[in-house]
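Peer 1: Structure incoming, see below.
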Amino acid sequence: MLCALLRGFKVAPSLPGCVMLGRLLNLSVPPLPHLEKGTDVATQRTKTILLEIANSRLKQIEKEYTQKLAKSSQIIAELQTTISSLKEETSRLQLAAERRLQDVTQKFEDEKQQLIRDNDRAIKALQDELENRSNQVRCAEKKLQHKELESQEQITYIRQEYETKFKGLMPASLRQELEDTISSLKSQVNFLQKRASILQEELTTYQGRR
């Protein structure tokens, strides 16, 4: 193999070349026997020894690199398996997060719609109550106006009767009775006016709260 390597680089497998190659391969080259010039047999033998040593070393190197390659392949396979597992776990977690986000979003939307419906119902109830109170106030105002008008008419009529027919002629007791009647009617009018004022204040307070 060493000779073939030398021939591949176009180097003649001479003795010095074999020795140099052995040193490059970090081979333990035994001391060469003293050779006389022109001793072809000894030279060939030395070449053979060096080539065997070189071949042995190359086989050892090849075995070491084969083992390292196998170990590297195993590590790569384990890393690929780990990466695949991490990708699957990441995909699973992402899918779970997306579903959770979708559920939370839907729940929030449902709660928002429910709050809107509750608020609409509350507003409608307040509007109905306000309308009812307003109707009550208007009805009370109309009754008060009618009562005031009726009382005023009665007062005017009594005053006129008193002034035209009985002034200076009726007994003091009857005059006092008429005056008491007039005072009572005035008190009723004042009471109705105060009641209307209270109802108006209640309506204003209710509208202000809304």
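Every chain in the structure tokens has a letter given in the order shown (A, B, ...), and although residue numbers restart at 1 in each chain, ligands are simply numbered from 1 in the order shown.
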Which polymer residues have any atom within 12 Å of an atom of A:Ser187, counting only C-alpha atoms, with same-chain residues fewer than 5 positions away left out, as a PyMOL selection string?

Peer 2: chain A and resi 148+151-152+155+180-182+192-194

Peer 1: Report, in Å with one decimal, the straight-line distance from atom CA of A:Glu202 to atom CA of A:Arg133.

Peer 2: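 We find that atom CA of A:Glu202 and atom CA of A:Arg133 lie 9.0 Å from each other.
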
Peer 1: Any idea what's packed within 12 Å of A:Asn135, counting only C-alpha atoms, ignoring anything in its chain fewer than 5 positions away? Could you give it as a ChimeraX atom specification?

Peer 2: /A:128-130,140-142,199-200,203

Peer 1: Print the selection's residues with all heavy atoms to a file, as a short mmCIF file (atom, residue, chain, number, x, y, z; two decimals), in the first residue's frame.

Peer 2:
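part.cif was written with the following content:
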```cif
data_model
loop_
_atom_site.label_atom_id
_atom_site.label_comp_id
_atom_site.auth_asym_id
_atom_site.auth_seq_id
_atom_site.Cartn_x
_atom_site.Cartn_y
_atom_site.Cartn_z
N ASP A 128 -88.37 52.82 31.24
CA ASP A 128 -89.79 52.56 31.53
C ASP A 128 -90.20 53.18 32.86
O ASP A 128 -91.28 53.78 32.98
CB ASP A 128 -90.04 51.05 31.56
CG ASP A 128 -89.86 50.41 30.20
OD1 ASP A 128 -89.89 51.15 29.18
OD2 ASP A 128 -89.67 49.18 30.13
N GLU A 129 -89.31 53.04 33.87
CA GLU A 129 -89.63 53.62 35.17
C GLU A 129 -89.69 55.15 35.09
O GLU A 129 -90.57 55.78 35.69
CB GLU A 129 -88.57 53.18 36.19
CG GLU A 129 -88.88 53.66 37.60
CD GLU A 129 -87.86 53.16 38.61
OE1 GLU A 129 -86.96 52.38 38.21
OE2 GLU A 129 -87.96 53.53 39.79
N LEU A 130 -88.74 55.72 34.34
CA LEU A 130 -88.75 57.18 34.18
C LEU A 130 -90.00 57.64 33.46
O LEU A 130 -90.62 58.65 33.86
CB LEU A 130 -87.51 57.61 33.39
CG LEU A 130 -87.40 59.10 33.09
CD1 LEU A 130 -87.35 59.91 34.38
CD2 LEU A 130 -86.18 59.39 32.23
N ALA A 140 -100.47 64.14 38.10
CA ALA A 140 -100.64 64.88 39.34
C ALA A 140 -100.72 66.38 39.06
O ALA A 140 -101.50 67.10 39.71
CB ALA A 140 -99.48 64.58 40.28
N GLU A 141 -99.92 66.86 38.13
CA GLU A 141 -99.97 68.28 37.78
C GLU A 141 -101.34 68.67 37.20
O GLU A 141 -101.89 69.73 37.53
CB GLU A 141 -98.86 68.59 36.78
CG GLU A 141 -97.47 68.59 37.39
CD GLU A 141 -96.39 68.82 36.35
OE1 GLU A 141 -96.71 68.74 35.15
OE2 GLU A 141 -95.23 69.07 36.74
N LYS A 142 -101.85 67.78 36.35
CA LYS A 142 -103.18 68.08 35.78
C LYS A 142 -104.25 68.09 36.85
O LYS A 142 -105.13 68.97 36.87
CB LYS A 142 -103.52 67.03 34.72
CG LYS A 142 -102.69 67.16 33.45
CD LYS A 142 -103.08 66.10 32.44
CE LYS A 142 -102.27 66.23 31.16
NZ LYS A 142 -102.64 65.20 30.16
N LEU A 199 -93.36 66.27 44.18
CA LEU A 199 -93.32 65.34 43.05
C LEU A 199 -92.34 65.80 41.97
O LEU A 199 -91.60 65.00 41.38
CB LEU A 199 -94.72 65.16 42.45
CG LEU A 199 -95.73 64.42 43.33
CD1 LEU A 199 -97.11 64.45 42.68
CD2 LEU A 199 -95.28 62.98 43.57
N GLN A 200 -92.30 67.11 41.73
CA GLN A 200 -91.37 67.64 40.74
C GLN A 200 -89.92 67.46 41.18
O GLN A 200 -89.04 67.11 40.38
CB GLN A 200 -91.67 69.13 40.50
CG GLN A 200 -90.82 69.76 39.41
CD GLN A 200 -91.07 69.14 38.05
OE1 GLN A 200 -92.21 68.83 37.72
NE2 GLN A 200 -90.02 68.93 37.27
N LEU A 203 -88.95 63.83 40.68
CA LEU A 203 -88.68 63.55 39.27
C LEU A 203 -87.31 64.10 38.85
O LEU A 203 -86.54 63.43 38.16
CB LEU A 203 -89.78 64.16 38.40
CG LEU A 203 -89.59 64.00 36.88
CD1 LEU A 203 -89.57 62.52 36.50
CD2 LEU A 203 -90.69 64.72 36.12
#
```
